[in-house]
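K.L.:
Input: one structure, supplied below.
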Amino acid sequence: MTAPTTGPSGGPVPSPTPVPTPVPPPGPPPTPVPITSEELNIKPFLVEPILVSRLLKKRSATPGPAGGPEDERSPYVVAIWAVLLACLLVSWSALIMNSFYRPHWDLSVLSDVWSFLSRRKSTDADADAVPFLRDYPSCILTFSIAWSVPLVYGIFRSLQTLHESLDKSGCIRCDDQARAHLKAAVDDLNATYAKHGKYSWLVLLGIVGVVTGINLRLQGHLFHFLGSDALYDQWWGRAAPVTFGGVVWIFMGTVGMYMAYAEGVVGIHYVKFLKQLKNEYKFGTNPLNPDNFYGWAKLRQAVSNLQGGLTCTFATSFAMFFFLQPAIGTYPTLLCLAAFVGMVLYVFIGSMTHIRRQVRVDRKEQIDQIIADMPDPDSTDPSAGVRYLVALQRLRDVQKLPSMPIRNGLLFAGALSVLAPTVAIAVQVIKLIKP
């Protein structure tokens with residue numbers, strides 16, 4: 001054992017005093033990393049990972065990570081393939097069942113269509129079957145459901161780069177603090193979309209059960225206003241017993257209802273997002289017109305697809321009335337269709353109202369700023385007159401900026417396109433209430 005060290009007086013040697021560590025002088029605070037335009041993008045495809053998200057990327061011939069927008073399928077290509085596949089699938093299933101063409105009845109197509117529209121008894125008692133070409137509601141649904149896929153795809157594709165496009169076009173007006181709040185809200189919105197996407201399979205299975213139940217409930221009730229209660233047995237889309245046509249009818253109905261669900265989730269949450277950030281997320285128009293639509297090219301695409309979806313919604317509601325009403329009753333049908341149409345109208349009107357309000361405020365601020373900076377034309381400065389004329393031209397350009405990301409003519413045409421199915425649904429309801 002080693003003896004402890006002692007000092008001259010016999011006591012222990014005191015330990016040396018520790019030298020303090022020098023503290024560096026405080027430097028400037030770290031510079032925050034700027035938030036890029038790409039970080040402001042929302043991710044609507046997270047809601048629907050089963051069908052629409054699989055259409056986004058086409059196979060790339062170049063190795064490496066996925067590319068940019070040039071590697072994404074065009075909505076026009078998706079529309080062509082969706083309509084072709086729907087028509088081929090429905091016609092193939094009906095042809096297999098020998099239930100595609102109309103028999104040689106003493107009944108014209110126009111007279112038969114009028115019987116459907118006015119809910120009147122058929123003029124030919126021998127017309128006791130419903131092949132596909134006589135199932136006019138299913139004909140409408142075939143095209144409207146097929147068209148809903150590219151419309152929803154187009155809405156999602158435009159929304160996923162909308163904020164980035166507006167920011168790069170100089171249309172987003174917010175300081176660094178508001179930009180940080182915007183990014184945090186975008187992250188929360190994407191997390192909500194991802195949460196819904198986790199349960200998409202359960203939603204899809206639930207929709208399959210609902211559509212199958214509607215089909216089975218039509219037994220003895222399908223198109224009963226034509227004067228027969230046995231039309232289901234001779235219907236191309238019957239599911240009891242199981243037929244190819246019934247499987248295809250359930251598949252098409254599932255796709256249509258699932259597209260409505262995906263659009264509703266994305267649209268309702270995005271409108272809520274706009275309302276919550278109305279003070280932080282401010283955007284307007286760029287009078288320099290960088291994309292030939294005042295910086296609104298992506299916004300215009302999204303609104304155009306949303307307007308097309310509105311027309312498709314009304315047409316689908318009219319056709320679905322013929323199946324829902326005999327399956328679940330008149331008043332539950334009206335409630336379901338009102339909720340369906342109301343959801344789409346809420347998203348369209350809510351987003352358009354917010355956009356119009358934001359643009360009106362931004363345009364006023366631009367006009368006030370130009371007037372405040374406008375030089376005095378009577379000034380002795382020789383360049384004042386030229387700068388005054390330039391400011392005056394800028395003022396005129398800003399005053400001409402549109403208030404909506406869609407031309408008034410297209411907006412009016414869209415309103416007219418929903419008029420016909422709306423009137424047709426009203427006629428059906430009136431006939432049921434006052435036969």
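The way I read the labels, and the way they are meant: chains A, B, ... in the order of the structure tokens, residue 1 as the first residue of every chain, and ligand 1 as the first ligand shown, with later ones counted on from there.
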Find the residues near A:His224: any atom within 12 Å, counting only C-alpha atoms, skip ones fewer than 5 places away on the same chain, and give them as a list in words.

P.N.:
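In the requested format, the answer is Ser115, Phe116, Arg119, Arg120, Lys121, Ser122, Asp128, Ala129, Val130, Leu218, Gln219, Asp229, Ala230, Leu231, Tyr232, Phe322, Phe323, Gln325, Pro326 and Ala327 of chain A.
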
K.L.:
How about saving the chosen residues, C-alpha atoms kept, as a compact mmCIF listing (two decimals), in the first residue's frame?

P.N.:
```txt
# COMPACT_ATOMS: atom_id res chain seq x y z
CA SER A 115 -90.82 7.14 -69.23
CA PHE A 116 -87.69 7.29 -67.06
CA ARG A 119 -91.58 8.16 -64.01
CA ARG A 120 -94.42 6.87 -66.17
CA LYS A 121 -95.47 3.36 -67.01
CA SER A 122 -93.87 1.93 -70.12
CA ASP A 128 -89.79 -6.66 -69.38
CA ALA A 129 -85.98 -6.62 -69.39
CA VAL A 130 -83.27 -4.05 -68.64
CA LEU A 218 -83.27 -3.41 -55.64
CA GLN A 219 -84.83 -6.87 -55.93
CA ASP A 229 -91.74 -5.55 -60.22
CA ALA A 230 -89.64 -8.28 -61.88
CA LEU A 231 -87.21 -6.13 -63.87
CA TYR A 232 -84.35 -6.94 -61.48
CA PHE A 322 -83.07 5.86 -59.65
CA PHE A 323 -81.20 3.29 -57.53
CA GLN A 325 -84.80 5.75 -53.90
CA PRO A 326 -86.15 2.17 -54.35
CA ALA A 327 -83.35 0.79 -52.17
```

K.L.:
Assign secondary structure with DSSP using the backbone only, and return the residues of stretch 71-280 of chain A in alpha helix (DSSP H) as number ranges by chain.

P.N.:
A: 75-96, 109-118, 136-159, 162-168, 176-198, 200-217, 244-276

K.L.:
What lies within 12 Å of A:Ile214 using only C-alpha atoms, ignoring chain neighbours under 6 positions off, as a PDB file with N, CA and C atoms, in the first residue's frame?

P.N.:
```pdb
ATOM      1  N   ILE A 207     -67.351   0.758 -48.400  1.00  0.00           N
ATOM      2  CA  ILE A 207     -68.087   1.205 -49.581  1.00  0.00           C
ATOM      3  C   ILE A 207     -68.535   0.015 -50.413  1.00  0.00           C
ATOM      4  N   VAL A 208     -67.690  -1.006 -50.527  1.00  0.00           N
ATOM      5  CA  VAL A 208     -68.088  -2.222 -51.255  1.00  0.00           C
ATOM      6  C   VAL A 208     -69.344  -2.825 -50.618  1.00  0.00           C
ATOM      7  N   HIS A 221     -87.856  -4.031 -56.775  1.00  0.00           N
ATOM      8  CA  HIS A 221     -88.113  -2.593 -56.748  1.00  0.00           C
ATOM      9  C   HIS A 221     -87.462  -1.835 -57.897  1.00  0.00           C
ATOM     10  N   LEU A 222     -86.616  -2.470 -58.672  1.00  0.00           N
ATOM     11  CA  LEU A 222     -85.870  -1.769 -59.720  1.00  0.00           C
ATOM     12  C   LEU A 222     -86.814  -1.206 -60.777  1.00  0.00           C
ATOM     13  N   GLY A 237     -77.215  -5.727 -64.473  1.00  0.00           N
ATOM     14  CA  GLY A 237     -76.355  -5.474 -63.324  1.00  0.00           C
ATOM     15  C   GLY A 237     -76.780  -6.167 -62.058  1.00  0.00           C
ATOM     16  N   ARG A 238     -77.610  -7.216 -62.141  1.00  0.00           N
ATOM     17  CA  ARG A 238     -78.085  -7.875 -60.923  1.00  0.00           C
ATOM     18  C   ARG A 238     -76.948  -8.640 -60.252  1.00  0.00           C
ATOM     19  N   ALA A 239     -76.956  -8.629 -58.937  1.00  0.00           N
ATOM     20  CA  ALA A 239     -75.943  -9.345 -58.154  1.00  0.00           C
ATOM     21  C   ALA A 239     -76.488 -10.577 -57.474  1.00  0.00           C
ATOM     22  N   ALA A 240     -77.788 -10.868 -57.622  1.00  0.00           N
ATOM     23  CA  ALA A 240     -78.397 -12.067 -57.042  1.00  0.00           C
ATOM     24  C   ALA A 240     -79.222 -12.764 -58.117  1.00  0.00           C
ATOM     25  N   GLY A 246     -73.279  -7.832 -62.426  1.00  0.00           N
ATOM     26  CA  GLY A 246     -73.439  -7.379 -61.051  1.00  0.00           C
ATOM     27  C   GLY A 246     -72.111  -7.005 -60.404  1.00  0.00           C
ATOM     28  N   TRP A 249     -71.042  -3.722 -61.926  1.00  0.00           N
ATOM     29  CA  TRP A 249     -71.865  -2.624 -61.406  1.00  0.00           C
ATOM     30  C   TRP A 249     -71.414  -2.236 -60.003  1.00  0.00           C
ATOM     31  N   ILE A 250     -71.135  -3.226 -59.153  1.00  0.00           N
ATOM     32  CA  ILE A 250     -70.660  -2.953 -57.797  1.00  0.00           C
ATOM     33  C   ILE A 250     -69.277  -2.307 -57.843  1.00  0.00           C
ATOM     34  N   GLY A 253     -69.704   1.352 -58.962  1.00  0.00           N
ATOM     35  CA  GLY A 253     -70.293   2.130 -57.871  1.00  0.00           C
ATOM     36  C   GLY A 253     -69.306   2.374 -56.746  1.00  0.00           C
ATOM     37  N   THR A 254     -68.462   1.390 -56.456  1.00  0.00           N
ATOM     38  CA  THR A 254     -67.445   1.547 -55.419  1.00  0.00           C
ATOM     39  C   THR A 254     -66.430   2.610 -55.804  1.00  0.00           C
ATOM     40  N   MET A 320     -78.041   8.353 -59.694  1.00  0.00           N
ATOM     41  CA  MET A 320     -78.121   7.541 -58.480  1.00  0.00           C
ATOM     42  C   MET A 320     -79.496   7.583 -57.842  1.00  0.00           C
ATOM     43  N   PHE A 321     -80.264   8.626 -58.115  1.00  0.00           N
ATOM     44  CA  PHE A 321     -81.607   8.718 -57.549  1.00  0.00           C
ATOM     45  C   PHE A 321     -82.455   7.511 -57.943  1.00  0.00           C
ATOM     46  N   PHE A 322     -82.280   6.991 -59.166  1.00  0.00           N
ATOM     47  CA  PHE A 322     -83.072   5.858 -59.649  1.00  0.00           C
ATOM     48  C   PHE A 322     -82.758   4.574 -58.887  1.00  0.00           C
ATOM     49  N   PHE A 323     -81.573   4.497 -58.271  1.00  0.00           N
ATOM     50  CA  PHE A 323     -81.200   3.291 -57.530  1.00  0.00           C
ATOM     51  C   PHE A 323     -81.353   3.471 -56.021  1.00  0.00           C
ATOM     52  N   LEU A 324     -81.022   4.645 -55.515  1.00  0.00           N
ATOM     53  CA  LEU A 324     -81.121   4.854 -54.073  1.00  0.00           C
ATOM     54  C   LEU A 324     -82.563   4.906 -53.597  1.00  0.00           C
ATOM     55  N   GLN A 325     -83.419   5.575 -54.360  1.00  0.00           N
ATOM     56  CA  GLN A 325     -84.801   5.748 -53.905  1.00  0.00           C
ATOM     57  C   GLN A 325     -85.523   4.413 -53.683  1.00  0.00           C
ATOM     58  N   PRO A 326     -85.487   3.452 -54.633  1.00  0.00           N
ATOM     59  CA  PRO A 326     -86.153   2.174 -54.349  1.00  0.00           C
ATOM     60  C   PRO A 326     -85.412   1.320 -53.322  1.00  0.00           C
ATOM     61  N   ALA A 327     -84.130   1.611 -53.089  1.00  0.00           N
ATOM     62  CA  ALA A 327     -83.350   0.790 -52.168  1.00  0.00           C
ATOM     63  C   ALA A 327     -83.507   1.245 -50.722  1.00  0.00           C
ATOM     64  N   ILE A 328     -83.514   2.565 -50.470  1.00  0.00           N
ATOM     65  CA  ILE A 328     -83.529   3.041 -49.085  1.00  0.00           C
ATOM     66  C   ILE A 328     -84.680   3.998 -48.794  1.00  0.00           C
ATOM     67  N   GLY A 329     -85.478   4.354 -49.798  1.00  0.00           N
ATOM     68  CA  GLY A 329     -86.608   5.244 -49.572  1.00  0.00           C
ATOM     69  C   GLY A 329     -86.327   6.659 -50.059  1.00  0.00           C
ATOM     70  N   THR A 333     -82.864   9.009 -49.359  1.00  0.00           N
ATOM     71  CA  THR A 333     -82.166   9.309 -50.606  1.00  0.00           C
ATOM     72  C   THR A 333     -81.891  10.795 -50.745  1.00  0.00           C
TER      73      THR A 333
END
```

K.L.:
Which is closer to A:Val390 than all the others in A:Ile370, A:Met404, A:Ile172, A:Phe45, using only C-alpha atoms?

P.N.:
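Answer, going by the shortest atom-to-atom distance: A:Ile370.
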
K.L.:
Residues within 10 Å of A:Val78, please, as a list in words. Count only C-alpha atoms; anything in the same chain fewer than 3 positions from it doesn't count.

P.N.:
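What passes the distance filter is Val52, Leu55, Leu56, Arg73, Ser74, Pro75, Trp81, Ala82, Val83, Leu84, Ala146, Trp147, Val149, Pro150, Leu151, Tyr153 and Gly154 of chain A.
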
K.L.:
Just the residues within 10 Å of A:Asp135, please, counting only C-alpha atoms, with nothing from its chain fewer than 2 positions along; format it as a list in words.

P.N.:
Phe100, Arg102, Val113, Phe116, Ala129, Val130, Pro131, Phe132, Leu133, Pro137, Ser138, Cys139, Ile140, Phe223, Trp235, Trp236 and Gly237 of chain A

K.L.:
Please write the residues from the selection above to a file, keeping N, CA, C and O atoms, as a compact mmCIF listing (two decimals), in the first residue's frame.

P.N.:
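Contents of result_15.txt, as written:
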```txt
# COMPACT_ATOMS: atom_id res chain seq x y z
N PHE A 100 -76.81 -6.73 -73.44
CA PHE A 100 -76.26 -5.43 -73.80
C PHE A 100 -77.21 -4.65 -74.71
O PHE A 100 -77.53 -3.49 -74.44
N ARG A 102 -80.73 -3.67 -76.79
CA ARG A 102 -82.18 -3.66 -76.59
C ARG A 102 -82.84 -4.66 -77.53
O ARG A 102 -82.51 -4.72 -78.71
N VAL A 113 -86.99 6.76 -72.80
CA VAL A 113 -86.28 7.75 -71.98
C VAL A 113 -87.27 8.67 -71.28
O VAL A 113 -87.11 9.02 -70.10
N PHE A 116 -88.61 7.16 -68.19
CA PHE A 116 -87.69 7.29 -67.06
C PHE A 116 -87.74 8.70 -66.47
O PHE A 116 -87.79 8.86 -65.25
N ALA A 129 -87.39 -6.39 -69.68
CA ALA A 129 -85.98 -6.62 -69.39
C ALA A 129 -85.24 -5.27 -69.38
O ALA A 129 -85.71 -4.29 -69.94
N VAL A 130 -84.08 -5.28 -68.72
CA VAL A 130 -83.27 -4.05 -68.64
C VAL A 130 -81.84 -4.38 -69.07
O VAL A 130 -80.95 -4.58 -68.23
N PRO A 131 -81.61 -4.48 -70.38
CA PRO A 131 -80.22 -4.60 -70.83
C PRO A 131 -79.48 -3.29 -70.60
O PRO A 131 -80.08 -2.28 -70.22
N PHE A 132 -78.19 -3.31 -70.84
CA PHE A 132 -77.40 -2.11 -70.52
C PHE A 132 -77.87 -0.91 -71.32
O PHE A 132 -77.96 0.21 -70.78
N LEU A 133 -78.16 -1.07 -72.60
CA LEU A 133 -78.55 0.07 -73.42
C LEU A 133 -79.95 0.58 -73.09
O LEU A 133 -80.38 1.60 -73.65
N PRO A 137 -79.83 5.26 -66.47
CA PRO A 137 -79.05 5.74 -65.31
C PRO A 137 -77.66 5.14 -65.23
O PRO A 137 -76.70 5.84 -64.93
N SER A 138 -77.54 3.85 -65.53
CA SER A 138 -76.21 3.23 -65.50
C SER A 138 -75.33 3.74 -66.63
O SER A 138 -74.10 3.82 -66.47
N CYS A 139 -75.92 4.07 -67.76
CA CYS A 139 -75.14 4.66 -68.85
C CYS A 139 -74.53 6.00 -68.40
O CYS A 139 -73.36 6.29 -68.67
N ILE A 140 -75.33 6.81 -67.71
CA ILE A 140 -74.82 8.09 -67.19
C ILE A 140 -73.73 7.83 -66.16
O ILE A 140 -72.67 8.48 -66.18
N PHE A 223 -86.76 0.08 -60.99
CA PHE A 223 -87.55 0.78 -62.02
C PHE A 223 -89.02 0.34 -61.99
O PHE A 223 -89.65 0.10 -63.03
N TRP A 235 -82.20 -7.78 -65.29
CA TRP A 235 -81.32 -6.61 -65.32
C TRP A 235 -79.89 -7.05 -65.54
O TRP A 235 -79.43 -8.00 -64.91
N TRP A 236 -79.17 -6.35 -66.37
CA TRP A 236 -77.79 -6.73 -66.66
C TRP A 236 -76.88 -6.60 -65.44
O TRP A 236 -75.87 -7.31 -65.33
N GLY A 237 -77.21 -5.73 -64.47
CA GLY A 237 -76.35 -5.47 -63.32
C GLY A 237 -76.78 -6.17 -62.06
O GLY A 237 -76.33 -5.79 -60.97
```

K.L.:
Just checking: using only C-alpha atoms, which residue out of A:Gly213, A:Pro287, A:Pro49, A:Gly197 ends up closest to A:Ile367?

P.N.:
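The answer is A:Pro287, which sits nearest to A:Ile367.
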
K.L.:
Can you work out the spacing between atom CA of A:Ala184 and atom CA of A:Ser304 in Å, to one decimal?

P.N.:
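These two atoms are separated by 28.1 Å.
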